[in-house]
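A.B. asks: Quick one: the structure is below, questions incoming.
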Amino acid sequence: MVHKLVQRHHPFVVLRGKTYYFRYAFPQHLRDLCPWLPAEVKRSLRTDSFSEAVAFVDSRLPLVKLLKNCTDVSLVEGLVARLTDFSGEIGKWVVESFKVLTGSRRRSGKVVASVKRKSSVPRTPRLSVVWKDYVEWKTWTPRRTSQNQRTFDNLLFFLGDKPVGKIQKADIKQALDRISKLPVRHKRPYSRMTLKDIMRRTIPESDRISRKSVKEHLKLAQSIFNAYLVRELDVLERSPTEGVRYEEDKKRYGCLTDAQVREAFSKSEDKPVWFQWFLRLALYSGARRSEIASLKKTDFKVCLDTGRTYFLIREGKTKAARRVVPLHLGLVHDGFMQWVEDSEDYVFPIAANTPNRVTNNFNDLLAEKHSDMGEKLVFHSARHTFITRARAAGANTALIQQVVGHEKTGAGITDRYKHDFQMKDL
């Protein structure tokens, strides 16, 4: 669609189709002062009359002048909100139009029903206030709560703590674009920097967060606006995330060869003992990093039917993720249960508090970073390796699915009758 800028008459009036819009580009010094500001704002004036559009915009010129000279961060948000809210002017225009219309009808002798003035857009709570209520509405684990808080902090920084009713689709898209340029925060020097400091730097591609991480920001925004504010509370009629897409990197994680497994075990001998056990448990069980990090001493039990030791995964991303997993005999023979017995609460307290320590310890174990097929070799590859080896050995697919916490599928109508397998089967 072609946008026509009517600059010869007014610098801030844009004609889009048959409707006039207000468009204002924020000065660079203001964007440097407030990184959450977009490059420009555009608001529909809901009129096809140029004179009416100019009248609406002219009422905002004093605010434009104030913003041009503003150097106080605390004043910017209020000025921007007033600059872009034309509901009052449009409401007055609607009333005046009806007055003219009803006056002419009365003069012609027609009976006209009274017209009530259309109220301005209802006030909505600020994003930070909504977040506090939203967190209470959700039931997350402490770790998930912490992760989501960091994700929300990024959204709040780039969207601004404005009323949720004023956040638009374009704001969400721009926030995601800026988030995609953020660095991985556990790396130095970024781990000691604020978001404001980071935004003053150009982040190399190699240091930036993954597309999957950016998509997690979108998923959280969709949950806040759509699931909570639209469907649960009816605060908004439509979510600004509606129609927003962000595709994550679809490249799969690779599977380790036998030689790479031996290499990882060998080089891990130079790592902390806790990580050595952590890596072995991952390769011998296929459990996720977060699941192993969450294990406590009390999660390890002995099956009365078989005498085999197993561990219980109590929480997960799906219902199937909550499961029992038999402890491999190789780990039992090597004394892993003594490590468990010596623990006080969490079996791997370092991983429980700082999960990225697991990834950091694994990253330099392998000479290759990608498989022959171009798939990334990371700690999660341990899970891919377990599943691949189990399937290659001819293990029952449904048994594998239960051990690793996948939904049991592919059995047709019998899915309705499926139940958890016994320990002796696993």
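Chain labels follow the order of the structure tokens: the first chain is A, the next B, and so on; residue numbering restarts at 1 in every chain, and ligands are counted from 1 in their shown order.
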Restrict the calculation to only C-alpha atoms, then for each residue of region 270-303 of chain A with any atom at most 12 Å from an atom of region 133-156 of chain A give the closest atom pair and their distance in Å to one decimal, rows by chain and rising residue number, as a Markdown table.

C.D. replies:
```
| residue | atom | partner | partner_atom | distance |
| --- | --- | --- | --- | --- |
| A:Ser290 | CA | A:Arg143 | CA | 9.2 |
| A:Glu291 | CA | A:Arg143 | CA | 11.2 |
| A:Ala293 | CA | A:Arg143 | CA | 10.5 |
| A:Ser294 | CA | A:Arg143 | CA | 9.2 |
```

A.B. asks: Write the residues of the preceding selection, restricted to N, CA and C atoms, as an mmCIF file, in the first residue's frame.

C.D. replies:
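Generated output (again.cif):
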```cif
data_model
loop_
_atom_site.group_PDB
_atom_site.id
_atom_site.type_symbol
_atom_site.label_atom_id
_atom_site.label_comp_id
_atom_site.auth_asym_id
_atom_site.auth_seq_id
_atom_site.Cartn_x
_atom_site.Cartn_y
_atom_site.Cartn_z
ATOM 1 N N SER A 290 17.334 -29.315 32.683
ATOM 2 C CA SER A 290 16.548 -28.727 33.770
ATOM 3 C C SER A 290 16.011 -29.799 34.706
ATOM 4 N N GLU A 291 15.680 -30.977 34.155
ATOM 5 C CA GLU A 291 15.141 -32.058 34.975
ATOM 6 C C GLU A 291 16.202 -32.618 35.914
ATOM 7 N N ALA A 293 18.921 -31.022 36.905
ATOM 8 C CA ALA A 293 19.278 -29.964 37.861
ATOM 9 C C ALA A 293 18.270 -29.877 39.000
ATOM 10 N N SER A 294 17.023 -30.287 38.756
ATOM 11 C CA SER A 294 15.964 -30.193 39.769
ATOM 12 C C SER A 294 15.922 -31.383 40.719
#
```

A.B. asks: Which one is closest to Val13 (chain A): A:Asn69, A:Gln28, A:Thr388, A:Ser49? Count only C-alpha atoms.

C.D. replies: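 Of all the options, A:Ser49 lies closest to Val13 (chain A).
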
A.B. asks: Could you tell me, as a PyMOL selection string, which residues of region 112-323 of chain A DSSP assigns to alpha helix (DSSP H) when given the backbone?

C.D. replies: chain A and resi 127-137+142-159+169-179+195-198+211-222+258-267+273-285+289-293

A.B. asks: Extract the full set of strand (DSSP E) residues from region 232-341 of chain A according to DSSP on the backbone, and format it as number ranges by chain.

C.D. replies: A: 300-302, 309-313, 323-326
